[in-house]
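Novice: Pasting a structure here, questions to come.
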Amino acid sequence: SPALCRLPPRRMQAVSEAVERVLVAAQRQDRLTVGVYESAKLMNVDPDSVVLCLLATDEEDEGDIALQIHFTLIQAFCCDNDIHILRLSGMQRLAAILGEP
């Protein structure tokens, strides 16, 4: 969100650490769905089970038209179903947090 980008560095670090803790806890509780297609399928089958949607990309993904279309559709679905959305960058860091290759 544009408002989040204006946060002071220390506050931004606190937000980053909070997101990391939430992701790790959700993964440990088997409540984390990873992947655009897997997430879209879950939201279609059981939208009430979804609390937060993290859309993670890096700059090189911005040219992937198919991925951007999926993101747009997921964002619209989230808005229609009152699901909070958070956009993130740093896919490698996210993968490291989740212990994925």
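Chains: A, B, ... in order of the structure tokens. Residues: from 1 per chain. Ligands: from 1, in order shown.
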Running DSSP on the backbone, which parts of range 11-61 of chain A land in alpha helix (DSSP H), as a list in words?

Specialist: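 After running DSSP on the backbone, range 11-61 of chain A has alpha helix (DSSP H) at Arg11, Met12, Gln13, Ala14, Val15, Ser16, Glu17, Ala18, Val19, Glu20, Arg21, Val22, Leu23, Val24, Ala25, Ala26, Gln27, Arg28, Val36, Tyr37, Glu38, Ser39, Ala40, Lys41, Leu42, Met43, Asn44 and Val45 of chain A.
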
Novice: Write the residues of the preceding selection, restricted to C-alpha atoms, as a compact mmCIF listing (two decimals), in the first residue's frame.

Specialist:
```txt
# COMPACT_ATOMS: atom_id res chain seq x y z
CA ARG A 11 8.37 0.89 11.70
CA MET A 12 8.68 -0.87 8.34
CA GLN A 13 11.07 -3.37 9.95
CA ALA A 14 8.51 -4.03 12.70
CA VAL A 15 5.81 -4.68 10.08
CA SER A 16 8.17 -7.00 8.20
CA GLU A 17 8.96 -8.96 11.35
CA ALA A 18 5.25 -9.24 12.23
CA VAL A 19 4.43 -10.59 8.77
CA GLU A 20 7.28 -13.09 9.11
CA ARG A 21 5.94 -14.31 12.48
CA VAL A 22 2.41 -14.67 11.08
CA LEU A 23 3.67 -16.65 8.08
CA VAL A 24 5.77 -19.01 10.18
CA ALA A 25 2.92 -19.58 12.67
CA ALA A 26 0.42 -20.21 9.86
CA GLN A 27 2.80 -22.67 8.22
CA ARG A 28 3.38 -24.55 11.49
CA VAL A 36 -1.27 -18.36 -7.10
CA TYR A 37 -3.24 -21.31 -8.47
CA GLU A 38 -3.50 -23.16 -5.15
CA SER A 39 -4.67 -20.00 -3.40
CA ALA A 40 -7.24 -19.20 -6.07
CA LYS A 41 -8.61 -22.73 -5.81
CA LEU A 42 -8.91 -22.51 -2.00
CA MET A 43 -10.60 -19.10 -2.17
CA ASN A 44 -13.08 -20.45 -4.71
CA VAL A 45 -13.91 -23.55 -2.62
```

Novice: What's around Ser89 in chain A at 9 Å? Count only C-alpha atoms, leave out sequence neighbours fewer than 3 positions away in its own chain, and write the answer as a VMD selection string.

Specialist: chain A and resid 55 to 59 92 to 94

Novice: Could you save the residues just selected, with N, CA and C atoms, as an mmCIF file, in the first residue's frame?

Specialist:
```cif
data_model
loop_
_atom_site.group_PDB
_atom_site.id
_atom_site.type_symbol
_atom_site.label_atom_id
_atom_site.label_comp_id
_atom_site.auth_asym_id
_atom_site.auth_seq_id
_atom_site.Cartn_x
_atom_site.Cartn_y
_atom_site.Cartn_z
ATOM 1 N N LEU A 55 0.215 -11.191 -1.695
ATOM 2 C CA LEU A 55 0.606 -11.281 -3.099
ATOM 3 C C LEU A 55 2.064 -10.874 -3.188
ATOM 4 N N ALA A 56 2.908 -11.841 -3.452
ATOM 5 C CA ALA A 56 4.348 -11.600 -3.458
ATOM 6 C C ALA A 56 4.893 -11.654 -4.876
ATOM 7 N N THR A 57 5.626 -10.611 -5.245
ATOM 8 C CA THR A 57 6.260 -10.572 -6.564
ATOM 9 C C THR A 57 7.611 -9.886 -6.459
ATOM 10 N N ASP A 58 8.377 -10.057 -7.483
ATOM 11 C CA ASP A 58 9.620 -9.315 -7.645
ATOM 12 C C ASP A 58 9.510 -8.531 -8.942
ATOM 13 N N GLU A 59 10.445 -7.633 -9.170
ATOM 14 C CA GLU A 59 10.389 -6.784 -10.363
ATOM 15 C C GLU A 59 10.309 -7.592 -11.646
ATOM 16 N N GLN A 92 12.631 -14.307 -2.819
ATOM 17 C CA GLN A 92 13.679 -15.167 -2.256
ATOM 18 C C GLN A 92 13.644 -15.132 -0.736
ATOM 19 N N ARG A 93 13.434 -13.966 -0.171
ATOM 20 C CA ARG A 93 13.347 -13.838 1.291
ATOM 21 C C ARG A 93 12.129 -14.594 1.807
ATOM 22 N N LEU A 94 11.020 -14.460 1.121
ATOM 23 C CA LEU A 94 9.798 -15.151 1.512
ATOM 24 C C LEU A 94 10.005 -16.667 1.457
#
```

Novice: Taking the DSSP secondary structure from the backbone, can you list the residues of range 50-82 of chain A that are strand (DSSP E or B), as a ChimeraX atom specification?

Specialist: /A:52-57

Novice: Could you check the closest approach to Ala76 in chain A for each of A:Cys53, A:Leu88, A:Val34, A:Ala95 and tell me which residue wins, using only C-alpha atoms?

Specialist: A:Cys53

Novice: Using only C-alpha atoms for the distances, tell me which of A:Leu73, A:Ile65, A:Leu86, A:Met91 is nearest to Leu52 in chain A.

Specialist: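 Among A:Leu73, A:Ile65, A:Leu86, A:Met91, it is A:Leu86 that comes nearest to Leu52 in chain A.
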
Novice: Rounded to one decimal place, report the CA of Gly35 in chain A-CA of Arg10 in chain A distance in Å.

Specialist: 29.6 Å

Novice: Pick from A:Ser49, A:His70, A:Pro8, A:Glu60: nearest to Arg31 in chain A, with only C-alpha atoms counted?

Specialist: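 So, comparing all the options, the nearest one is A:Ser49.
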
Novice: Which distance in Å separates CA of His84 in chain A and CA of Leu54 in chain A, to one decimal?

Specialist: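 Computed distance, CA of His84 in chain A to CA of Leu54 in chain A, equals 8.5 Å.
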
Novice: Just how far from CA of Asp46 in chain A is CA of Cys79 in chain A, in Å to one decimal?

Specialist: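 Distance between the two atoms: 15.1 Å.
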
Novice: Would you mind telling me which residue in A:Asp48, A:Asp30, A:Asp64, A:Glu100 lies nearest to Asn81 in chain A when using only C-alpha atoms?

Specialist: A:Asp48
